[in-house]
>>> print(open('coords27.txt').read())   # compact mmCIF, C-alpha atoms and all ligand atoms
# COMPACT_ATOMS: atom_id res chain seq x y z
CA MET A 1 108.39 97.41 123.39
CA ILE A 2 109.64 98.01 119.88
CA VAL A 3 108.26 96.15 116.88
CA ARG A 4 110.46 96.27 113.81
CA ALA A 5 109.46 95.10 110.32
CA ARG A 6 110.78 95.45 106.81
CA LEU A 7 107.77 97.58 105.93
CA ILE A 8 105.41 99.60 108.13
CA VAL A 9 102.14 100.39 106.36
CA THR A 10 101.01 103.31 108.48
CA MET A 11 98.00 104.57 106.43
CA ASN A 12 99.27 107.96 107.56
CA GLY A 13 101.68 108.60 104.70
CA PRO A 14 103.70 106.31 102.47
CA PRO A 15 104.81 102.93 103.86
CA ILE A 16 108.11 103.08 105.79
CA GLU A 17 110.94 100.75 104.80
CA ASN A 18 112.84 99.14 107.68
CA GLY A 19 110.64 100.84 110.23
CA ALA A 20 110.02 100.32 113.89
CA VAL A 21 107.08 101.15 116.13
CA ALA A 22 107.56 101.95 119.80
CA ILE A 23 104.71 100.86 122.06
CA GLU A 24 103.99 102.12 125.56
CA GLY A 25 101.30 100.10 127.30
CA ASN A 26 98.45 99.64 124.85
CA ARG A 27 99.25 102.65 122.66
CA ILE A 28 101.80 103.62 120.07
CA ASP A 29 104.37 105.79 121.80
CA ASP A 30 103.51 109.44 121.32
CA SER A 31 106.47 110.97 123.06
CA PRO A 32 107.98 113.75 120.93
CA PRO A 33 109.19 112.38 117.62
CA GLY A 34 112.93 112.11 117.32
CA SER A 35 115.60 110.21 115.53
CA LEU A 36 115.96 106.51 116.14
CA PRO A 37 118.88 107.03 118.53
CA SER A 38 116.87 109.39 120.73
CA ARG A 39 113.88 107.05 120.65
CA ALA A 40 116.12 104.21 121.72
CA ALA A 41 117.48 106.33 124.56
CA HIS A 42 113.94 107.11 125.64
CA LEU A 43 113.09 103.42 125.73
CA ARG A 44 116.24 102.65 127.65
CA ARG A 45 115.17 105.14 130.32
CA ALA A 46 111.64 103.76 130.38
CA ALA A 47 112.73 100.14 130.74
CA PRO A 48 116.36 99.93 131.71
CA ALA A 49 116.44 96.16 131.91
CA GLY A 50 116.19 94.00 128.85
CA VAL A 51 115.92 96.64 126.19
CA VAL A 52 118.13 95.65 123.31
CA VAL A 53 118.45 98.37 120.77
CA ASP A 54 121.47 98.73 118.56
CA VAL A 55 121.29 102.50 118.35
CA GLY A 56 120.49 103.65 114.84
CA LEU A 57 120.50 100.13 113.48
CA PHE A 58 116.98 98.85 114.05
CA ASN A 59 117.18 96.73 110.94
CA GLU A 60 119.79 94.61 112.69
CA VAL A 61 117.86 94.10 115.88
CA LYS A 62 117.40 90.39 116.45
CA ALA A 63 114.10 88.69 117.05
CA ARG A 64 113.08 88.26 120.65
CA ASN A 65 109.72 86.75 121.43
CA SER A 66 109.51 87.73 125.06
CA GLY A 67 111.85 90.67 125.22
CA GLU A 68 111.42 94.33 124.58
CA VAL A 69 112.17 94.12 120.87
CA VAL A 70 110.31 92.05 118.35
CA ASP A 71 111.89 91.90 114.92
CA LEU A 72 109.32 90.59 112.48
CA GLY A 73 111.91 90.28 109.74
CA GLU A 74 110.67 90.27 106.16
CA GLN A 75 107.13 91.19 107.09
CA ALA A 76 104.81 94.12 106.48
CA LEU A 77 103.24 95.54 109.64
CA LEU A 78 99.68 96.76 108.98
CA PRO A 79 97.03 98.41 111.14
CA GLY A 80 94.64 95.73 112.40
CA LEU A 81 91.68 95.25 110.06
CA ILE A 82 88.19 96.51 110.98
CA ASN A 83 85.05 94.63 109.93
CA ALA A 84 82.25 97.19 109.73
CA HIS A 85 79.32 94.76 109.52
CA CYS A 86 79.00 91.22 110.80
CA HIS A 87 76.61 88.88 112.59
CA LEU A 88 78.70 86.35 114.52
CA ASP A 89 75.43 84.75 115.72
CA TYR A 90 75.28 82.94 112.38
CA THR A 91 78.84 81.64 112.09
CA CYS A 92 77.39 78.14 112.43
CA LEU A 93 75.18 78.63 109.36
CA ARG A 94 78.10 78.56 106.90
CA GLY A 95 77.03 76.60 103.83
CA LYS A 96 73.56 75.83 105.20
CA ILE A 97 71.50 78.02 102.87
CA PRO A 98 72.06 77.89 99.11
CA PRO A 99 71.75 81.19 97.22
CA PRO A 100 68.01 81.89 97.11
CA LYS A 101 65.78 82.79 94.17
CA SER A 102 64.04 85.40 96.25
CA PHE A 103 65.06 87.47 99.29
CA ALA A 104 61.80 86.48 101.02
CA ASP A 105 62.75 82.81 100.49
CA TRP A 106 66.09 83.47 102.15
CA ILE A 107 64.35 84.96 105.20
CA ARG A 108 62.17 81.87 105.40
CA ALA A 109 65.24 79.64 105.09
CA ILE A 110 67.28 81.42 107.77
CA ASN A 111 64.28 81.47 110.11
CA ALA A 112 63.98 77.68 109.67
CA GLU A 113 67.68 77.22 110.46
CA LYS A 114 67.49 79.53 113.48
CA ALA A 115 64.59 77.51 114.88
CA LYS A 116 66.95 74.54 115.24
CA LEU A 117 69.47 76.45 117.39
CA SER A 118 69.63 76.77 121.17
CA ARG A 119 71.13 79.63 123.18
CA GLN A 120 74.18 77.45 123.76
CA ASP A 121 74.55 76.92 120.01
CA TYR A 122 74.58 80.68 119.53
CA LEU A 123 77.24 81.15 122.21
CA VAL A 124 79.45 78.58 120.50
CA SER A 125 78.74 80.18 117.13
CA ILE A 126 79.70 83.67 118.33
CA ASN A 127 82.91 82.43 119.99
CA GLU A 128 83.92 80.50 116.87
CA GLY A 129 83.24 83.60 114.80
CA PHE A 130 85.54 85.70 116.97
CA ALA A 131 88.32 83.12 116.57
CA GLU A 132 87.87 83.04 112.80
CA ALA A 133 87.74 86.82 112.38
CA LYS A 134 90.91 87.15 114.48
CA SER A 135 92.72 84.48 112.49
CA PHE A 136 92.20 86.59 109.36
CA GLY A 137 93.72 89.69 110.92
CA THR A 138 90.58 91.45 112.12
CA THR A 139 91.30 93.34 115.33
CA THR A 140 88.03 95.31 115.51
CA ILE A 141 84.51 94.26 114.58
CA ALA A 142 81.09 95.89 114.48
CA ASN A 143 78.98 92.90 115.42
CA LEU A 144 75.19 92.82 115.37
CA THR A 145 73.59 90.31 117.70
CA ALA A 146 69.97 89.28 117.89
CA PHE A 147 70.67 88.07 121.45
CA PRO A 148 71.67 91.06 123.59
CA GLU A 149 71.00 88.95 126.68
CA LEU A 150 73.93 86.69 125.74
CA VAL A 151 76.63 89.33 125.40
CA ALA A 152 77.51 89.40 129.10
CA LYS A 153 78.52 85.73 128.79
CA ILE A 154 80.98 86.37 125.99
CA HIS A 155 84.60 87.33 126.41
CA GLU A 156 85.38 88.77 123.00
CA LEU A 157 88.78 87.98 121.48
CA ILE A 158 89.03 91.26 119.55
CA ARG A 159 87.89 94.85 119.97
CA THR A 160 84.12 94.74 119.54
CA TRP A 161 81.30 97.20 119.02
CA TRP A 162 78.22 95.21 120.00
CA PHE A 163 75.00 96.28 118.32
CA ALA A 164 71.72 94.90 119.67
CA GLU A 165 69.72 93.90 116.60
CA LEU A 166 66.08 94.71 117.21
CA ILE A 167 62.87 93.62 115.50
CA ASP A 168 59.32 94.44 116.59
CA VAL A 169 57.32 93.22 113.59
CA ARG A 170 55.71 90.44 115.61
CA GLU A 171 55.35 92.54 118.76
CA PRO A 172 53.41 95.68 117.85
CA ASN A 173 53.41 98.56 120.36
CA ARG A 174 56.36 97.18 122.32
CA ALA A 175 59.09 99.19 120.57
CA ARG A 176 60.07 101.16 123.67
CA ASP A 177 60.27 98.09 125.91
CA ILE A 178 62.27 96.15 123.34
CA VAL A 179 64.84 98.93 123.00
CA ASP A 180 65.09 99.64 126.73
CA LEU A 181 65.49 95.97 127.62
CA SER A 182 68.32 95.58 125.13
CA VAL A 183 70.04 98.67 126.55
CA LYS A 184 70.12 96.98 129.98
CA SER A 185 71.80 93.91 128.47
CA MET A 186 74.35 95.88 126.48
CA LYS A 187 75.53 97.83 129.50
CA SER A 188 77.91 95.00 130.41
CA LYS A 189 80.03 96.12 127.44
CA GLU A 190 82.00 99.32 127.02
CA THR A 191 81.39 99.77 123.31
CA TRP A 192 77.89 99.10 122.11
CA GLY A 193 75.10 100.50 120.02
CA LEU A 194 71.66 99.69 118.68
CA ALA A 195 70.60 98.14 115.38
CA PRO A 196 66.98 98.31 114.37
CA HIS A 197 67.15 95.44 111.88
CA ALA A 198 65.55 96.97 108.74
CA SER A 199 62.60 99.10 107.71
CA PHE A 200 60.58 96.02 106.88
CA THR A 201 61.03 94.40 110.31
CA ALA A 202 61.38 97.38 112.67
CA SER A 203 58.71 100.03 113.18
CA THR A 204 59.12 103.79 112.97
CA ASP A 205 58.64 103.88 116.75
CA LEU A 206 61.51 101.47 117.21
CA TYR A 207 63.83 103.55 115.02
CA ARG A 208 62.75 106.68 116.88
CA ARG A 209 63.41 105.17 120.30
CA CYS A 210 66.85 103.98 119.17
CA GLU A 211 67.73 107.53 118.12
CA GLU A 212 66.51 108.88 121.47
CA VAL A 213 68.77 106.45 123.29
CA ALA A 214 71.68 107.20 120.93
CA ARG A 215 71.38 110.89 121.69
CA ALA A 216 71.07 110.37 125.44
CA LYS A 217 73.84 107.80 125.79
CA ASN A 218 76.15 108.93 123.00
CA ILE A 219 76.13 105.60 121.17
CA LEU A 220 76.20 104.52 117.53
CA LEU A 221 73.40 103.07 115.42
CA THR A 222 73.37 100.66 112.51
CA THR A 223 70.72 99.17 110.24
CA HIS A 224 70.14 97.34 106.94
CA LEU A 225 68.74 99.54 104.19
CA ALA A 226 67.80 99.26 100.51
CA GLU A 227 69.36 95.82 100.32
CA SER A 228 67.19 93.96 97.79
CA ARG A 229 65.00 94.62 94.78
CA GLU A 230 62.14 93.09 96.80
CA GLU A 231 62.58 95.68 99.55
CA MET A 232 62.31 98.41 96.90
CA SER A 233 59.10 96.96 95.42
CA MET A 234 57.61 96.42 98.87
CA PHE A 235 58.01 100.07 99.88
CA ARG A 236 57.62 101.83 96.55
CA GLU A 237 54.98 99.68 94.83
CA ALA A 238 53.37 97.70 97.67
CA SER A 239 54.00 94.49 95.79
CA GLY A 240 56.40 91.60 95.37
CA PRO A 241 57.51 88.56 97.36
CA LEU A 242 58.79 90.49 100.39
CA TYR A 243 55.58 92.55 100.52
CA GLU A 244 53.48 89.37 100.44
CA PHE A 245 55.66 87.65 103.04
CA MET A 246 55.60 90.56 105.50
CA LYS A 247 51.88 91.06 105.00
CA GLY A 248 51.40 87.34 105.63
CA ILE A 249 53.05 87.52 109.06
CA GLY A 250 50.81 90.42 110.07
CA ARG A 251 53.02 93.47 109.51
CA PRO A 252 50.98 96.67 109.10
CA MET A 253 51.63 97.60 105.44
CA ASP A 254 50.29 101.14 105.38
CA ASP A 255 53.82 102.55 104.94
CA CYS A 256 54.10 100.74 101.59
CA GLY A 257 53.22 102.07 98.13
CA HIS A 258 54.68 105.54 98.73
CA GLU A 259 58.42 106.11 98.94
CA THR A 260 61.67 104.25 98.46
CA PRO A 261 63.28 102.58 101.50
CA LEU A 262 66.01 105.24 101.49
CA ALA A 263 63.54 108.13 101.36
CA SER A 264 61.62 106.82 104.36
CA PHE A 265 64.84 106.29 106.33
CA VAL A 266 66.22 109.74 105.53
CA GLY A 267 62.84 111.29 106.29
CA ARG A 268 62.76 109.99 109.83
CA SER A 269 66.44 110.07 110.80
CA ALA A 270 67.44 112.96 113.01
CA LEU A 271 71.02 111.80 113.68
CA PRO A 272 72.50 110.80 110.32
CA GLU A 273 76.11 111.04 111.43
CA ARG A 274 75.56 108.31 114.04
CA TRP A 275 74.25 105.75 111.54
CA ILE A 276 76.32 103.04 109.91
CA VAL A 277 74.07 101.86 107.09
CA ALA A 278 74.59 98.45 105.51
CA HIS A 279 73.88 97.73 101.82
CA LEU A 280 72.30 100.59 99.78
CA ASN A 281 72.18 98.37 96.69
CA GLU A 282 68.79 99.60 95.51
CA LEU A 283 68.59 103.35 95.03
CA ALA A 284 66.30 105.29 92.69
CA GLU A 285 67.45 108.47 90.92
CA SER A 286 65.36 110.43 93.40
CA ASP A 287 67.37 108.78 96.19
CA PHE A 288 70.63 110.10 94.77
CA ASP A 289 69.09 113.60 94.65
CA LEU A 290 68.10 113.21 98.27
CA LEU A 291 71.58 112.03 99.25
CA ALA A 292 73.18 114.92 97.36
CA ARG A 293 71.05 117.38 99.33
CA SER A 294 71.77 115.91 102.77
CA ALA A 295 74.44 117.92 104.55
CA GLU A 296 75.06 115.38 107.32
CA LYS A 297 75.98 112.00 105.90
CA PHE A 298 75.67 108.55 107.40
CA HIS A 299 78.38 105.91 106.90
CA VAL A 300 77.92 103.07 104.42
CA VAL A 301 78.99 99.40 104.60
CA HIS A 302 79.25 97.22 101.54
CA SER A 303 79.66 93.43 101.87
CA PRO A 304 80.90 92.32 98.43
CA ARG A 305 80.70 88.55 98.80
CA SER A 306 77.30 88.53 100.50
CA HIS A 307 76.19 90.93 97.75
CA GLY A 308 77.33 88.40 95.13
CA TYR A 309 75.59 85.52 96.92
CA PHE A 310 72.25 87.34 96.70
CA ALA A 311 72.92 88.67 93.17
CA HIS A 312 71.77 92.13 94.25
CA SER A 313 71.82 95.06 91.84
CA ARG A 314 75.25 96.63 91.38
CA PHE A 315 76.45 98.55 94.44
CA PRO A 316 76.67 102.23 93.37
CA PHE A 317 80.17 102.71 94.78
CA GLU A 318 81.38 105.53 92.54
CA ARG A 319 78.20 107.57 92.87
CA LEU A 320 78.17 107.29 96.65
CA ARG A 321 81.85 108.11 96.88
CA ALA A 322 81.39 111.12 94.62
CA LEU A 323 78.67 112.33 96.98
CA GLY A 324 81.16 112.18 99.85
CA PHE A 325 79.99 109.07 101.67
CA ASN A 326 82.43 107.19 103.88
CA ILE A 327 82.30 103.63 102.52
CA CYS A 328 83.56 100.64 104.51
CA LEU A 329 83.68 96.89 103.90
CA GLY A 330 82.11 94.18 106.02
CA THR A 331 81.70 90.43 105.76
CA ASP A 332 78.05 90.23 106.81
CA SER A 333 77.28 86.80 108.28
CA LEU A 334 78.31 83.31 107.25
CA ALA A 335 74.68 82.58 106.36
CA SER A 336 75.54 84.43 103.13
CA ASN A 337 79.34 84.27 102.97
CA ASP A 338 82.15 81.68 103.01
CA ASP A 339 84.43 83.01 105.71
CA LEU A 340 85.21 86.09 107.81
CA SER A 341 88.31 87.22 105.89
CA LEU A 342 88.41 90.91 105.05
CA PHE A 343 91.29 90.17 102.66
CA ALA A 344 88.87 88.02 100.63
CA GLU A 345 86.30 90.81 100.89
CA MET A 346 88.81 93.30 99.47
CA ARG A 347 89.56 90.93 96.57
CA ALA A 348 85.85 90.53 95.79
CA PHE A 349 85.46 94.30 95.83
CA GLN A 350 88.48 94.70 93.55
CA ARG A 351 86.98 92.28 91.02
CA SER A 352 83.83 94.40 90.75
CA GLU A 353 85.64 97.78 90.96
CA PRO A 354 89.01 97.27 89.24
CA ALA A 355 89.50 101.01 88.75
CA VAL A 356 89.70 101.66 92.50
CA SER A 357 93.31 101.74 93.69
CA PRO A 358 94.43 99.01 96.12
CA SER A 359 95.37 101.62 98.73
CA LYS A 360 91.84 103.08 98.59
CA ILE A 361 90.45 99.55 99.01
CA PHE A 362 92.68 99.00 102.05
CA GLU A 363 91.32 102.22 103.55
CA MET A 364 87.87 100.57 103.46
CA VAL A 365 88.99 98.06 106.13
CA THR A 366 91.12 100.45 108.20
CA VAL A 367 90.74 104.23 108.07
CA ASN A 368 87.12 104.37 106.86
CA PRO A 369 85.56 101.98 109.41
CA ALA A 370 87.61 103.63 112.18
CA HIS A 371 85.95 106.90 111.18
CA ALA A 372 82.49 105.25 111.09
CA LEU A 373 83.05 103.97 114.65
CA ARG A 374 84.16 107.46 115.71
CA GLN A 375 87.65 106.11 116.33
CA GLY A 376 89.46 108.11 113.68
CA ASN A 377 91.96 109.24 116.33
CA ALA A 378 92.59 105.78 117.78
CA LEU A 379 92.18 103.00 115.20
CA GLY A 380 92.91 102.26 111.55
CA LYS A 381 96.40 103.81 111.36
CA ILE A 382 99.86 103.22 112.78
CA ARG A 383 100.42 106.61 114.28
CA PRO A 384 101.67 108.00 117.61
CA GLY A 385 98.98 107.85 120.27
CA PHE A 386 96.83 105.32 118.40
CA CYS A 387 95.90 101.90 119.81
CA ALA A 388 98.60 99.29 119.33
CA ASP A 389 96.53 97.01 117.07
CA PHE A 390 98.62 95.49 114.28
CA VAL A 391 98.88 92.45 112.06
CA SER A 392 101.82 91.33 110.02
CA ILE A 393 101.95 89.49 106.71
CA PRO A 394 104.90 88.34 104.61
CA CYS A 395 106.28 91.06 102.43
CA GLY A 396 107.92 90.54 99.06
CA ARG A 397 110.13 92.97 97.23
CA SER A 398 107.45 94.15 94.82
CA THR A 399 106.59 97.81 94.57
CA ASN A 400 102.86 97.07 94.59
CA VAL A 401 102.54 97.06 98.39
CA PHE A 402 98.76 97.45 98.57
CA GLY A 403 98.17 95.02 95.72
CA ASP A 404 100.19 92.45 97.68
CA ILE A 405 98.18 93.14 100.83
CA ILE A 406 94.89 92.53 99.01
CA ALA A 407 96.27 89.35 97.44
CA PHE A 408 97.19 87.88 100.85
CA ASP A 409 95.01 84.78 101.21
CA ARG A 410 95.98 82.95 104.38
CA PRO A 411 95.42 83.39 108.09
CA VAL A 412 97.80 86.00 109.51
CA ASN A 413 100.64 84.63 111.58
CA TRP A 414 101.21 87.52 114.00
CA MET A 415 98.94 90.03 115.67
CA MET A 416 99.22 92.65 118.36
CA LEU A 417 96.01 93.77 119.99
CA ASP A 418 95.83 96.51 122.59
CA GLY A 419 99.61 96.36 123.01
CA LYS A 420 99.79 92.61 123.59
CA ILE A 421 100.99 89.92 121.19
CA ARG A 422 98.11 87.50 120.60
ZN ZN A 501 73.68 92.19 107.98
>>> encode(input="coords27.txt", output="structure tokens", more="lines below")
Ligand SMILES: [Zn+2]
Amino acid sequence: MIVRARLIVTMNGPPIENGAVAIEGNRIDDSPPGSLPSRAAHLRRAAPAGVVVDVGLFNEVKARNSGEVVDLGEQALLPGLINAHCHLDYTCLRGKIPPPKSFADWIRAINAEKAKLSRQDYLVSINEGFAEAKSFGTTTIANLTAFPELVAKIHELIRTWWFAELIDVREPNRARDIVDLSVKSMKSKETWGLAPHASFTASTDLYRRCEEVARAKNILLTTHLAESREEMSMFREASGPLYEFMKGIGRPMDDCGHETPLASFVGRSALPERWIVAHLNELAESDFDLLARSAEKFHVVHSPRSHGYFAHSRFPFERLRALGFNICLGTDSLASNDDLSLFAEMRAFQRSEPAVSPSKIFEMVTVNPAHALRQGNALGKIRPGFCADFVSIPCGRSTNVFGDIIAFDRPVNWMMLDGKIR
């Protein structure tokens, strides 16, 4: 199949005017590059019936929905978007929790909402989340789920890295069992990983066991870290609302009053390059020194709209980027966000970081998360040999291609996923 569009935004060089992409199966054709006429001849040989290619004149190829050539007309073809941090479990909590005064209050509020939900509600919530993410042009998602036992029942609509979100704060000394049980559940999926929830809810043993499994099974890890001011005061000063709340539910607090959340994470992590770390809003100067010294770097996810909802401290984007961190965008869950649009997430990021170029922002939902998922040779670009995951959006005649992409504020009207039009 050939997909032609007025503009191909490859993320592997400048956008191509009047371009076409040849697809073989579920991949972008990687036969030796040649001129359009030779490519057309190759496709003719590969599929002698029904291939309509006016040699050398792709821009005049007519639209065919079911044929071998799809002309998208005045559209820009983009790599499918990648959401680096989401919890589809909570799609049904959109609008249920007003922005809280305190992070500990928010945990109380979401726990109260979760207590009203059945397993069936969560299944519906996850499926609705997939449909919404897809409608906004997301073709790949890193999705944390607190219900690993449900994943076998879900047929995901888009490419998914499932992360089992694990908490042992109410089950001391069961870290190993909790991790190993979740591994059994996740095995029904090809792409999965583990997500100890956060340093305040998951024990050192649980983090350690997750790293053991990651090493043995070659999987990825993700966690929440240094998200709120209350997390910083809990660990560094042994005080504050989160400290009191966690102490109140029986968490051992002997790891508090010493170091920052980041310092304790870095101190115990043996596999930094496998970690995709969400948040990093609260970092002390000593944390930046620590990050500057670390040779192996984890990946970072920022969720601009969820960040705004909680009124966290400013995300230190420039400092982290200057230190060489790979920074991605995610939506987080709809318990703290309005929708699952990464276009809206890029706009929110642009409002807080207007000096960052639109093309660099677009990398944060394509190239960067592909790298974080260890898919830098398969996802996030339109390039020979890569997965055929694309979306298309209307394309004007402006010269600000990436600015127009970020400004796009509707559901996408065309998507190809794994070589199939969806
Ligand atoms: Zn999260």
>>> residues_near_ligand(input="coords27.txt", ligand="ligand ZN 501 (chain A)", cutoff="12 Å", atoms="only C-alpha atoms and all ligand atoms", output="ChimeraX atom specification")
/A:83-90,142-146,163,165,195-198,222-227,276-280,301-304,306-307,329-337
>>> closest_residue(input="coords27.txt", among="A:Arg351, A:Arg410, A:Arg94, A:Arg27", to="A:Ser135", atoms="all atoms listed in the file")
A:Arg410
>>> closest_residue(input="coords27.txt", among="A:Thr139, A:Thr10, A:Ser233, A:Asn18", to="A:Val412", atoms="only C-alpha atoms")
A:Thr139
>>> closest_residue(input="coords27.txt", among="A:Asp338, A:Lys381, A:Val9, A:Asp177", to="A:Lys96", atoms="only C-alpha atoms")
A:Asp338
>>> atom_distance(input="coords27.txt", atom1="atom CA of A:Ile167", atom2="atom CA of A:Lys184")
16.5 Å
>>> atom_distance(input="coords27.txt", atom1="atom CA of A:Lys247", atom2="atom CA of A:Met232")
15.1 Å
>>> atom_distance(input="coords27.txt", atom1="atom CA of A:Cys387", atom2="atom CA of A:Ala372")
16.3 Å
>>> residues_around(input="coords27.txt", residues="stretch 253-257 of chain A", least_positions_apart="2", cutoff="10 Å", atoms="all atoms listed in the file", output="list in words")
Ser199, Phe200, Ser203, Thr204, Met232, Ser233, Met234, Phe235, Arg236, Glu237, Ala238, Ser239, Tyr243, Glu244, Met246, Lys247, Gly250, Arg251, Glu259, Thr260, Pro261 and Ser264 of chain A
>>> residues_around(input="coords27.txt", residues="A:Ile406", least_positions_apart="4", cutoff="8 Å", atoms="all atoms listed in the file", output="count of residues only")
7
>>> closest_residue(input="coords27.txt", among="A:Gln75, A:Asn111, A:Ala5, A:Gly248", to="A:Gly396", atoms="only C-alpha atoms")
A:Gln75
>>> closest_residue(input="coords27.txt", among="A:Gly25, A:Gly73, A:Pro241, A:Gly129", to="A:Ile107", atoms="all atoms listed in the file")
A:Pro241
>>> closest_residue(input="coords27.txt", among="A:Phe408, A:Phe325, A:Trp192, A:Phe310", to="A:Leu373", atoms="only C-alpha atoms")
A:Trp192
>>> residues_around(input="coords27.txt", residues="A:Ser286", least_positions_apart="3", cutoff="9 Å", atoms="all atoms listed in the file", output="ChimeraX atom specification")
/A:260,263,283,289-291
>>> residues_around(input="coords27.txt", residues="A:Leu81", least_positions_apart="6", cutoff="10 Å", atoms="all atoms listed in the file", output="PyMOL selection string")
chain A and resi 133-134+136-141+341-343+362-367+369-370+379-381+389-391
>>> axis_aligned_box(input="coords27.txt", around="stretch 271-289 of chain A", padding_each_side="8 Å", output="AutoDock Vina command-line options")
--center_x 70.8 --center_y 105.7 --center_z 102.5 --size_x 27.0 --size_y 31.9 --size_z 39.1
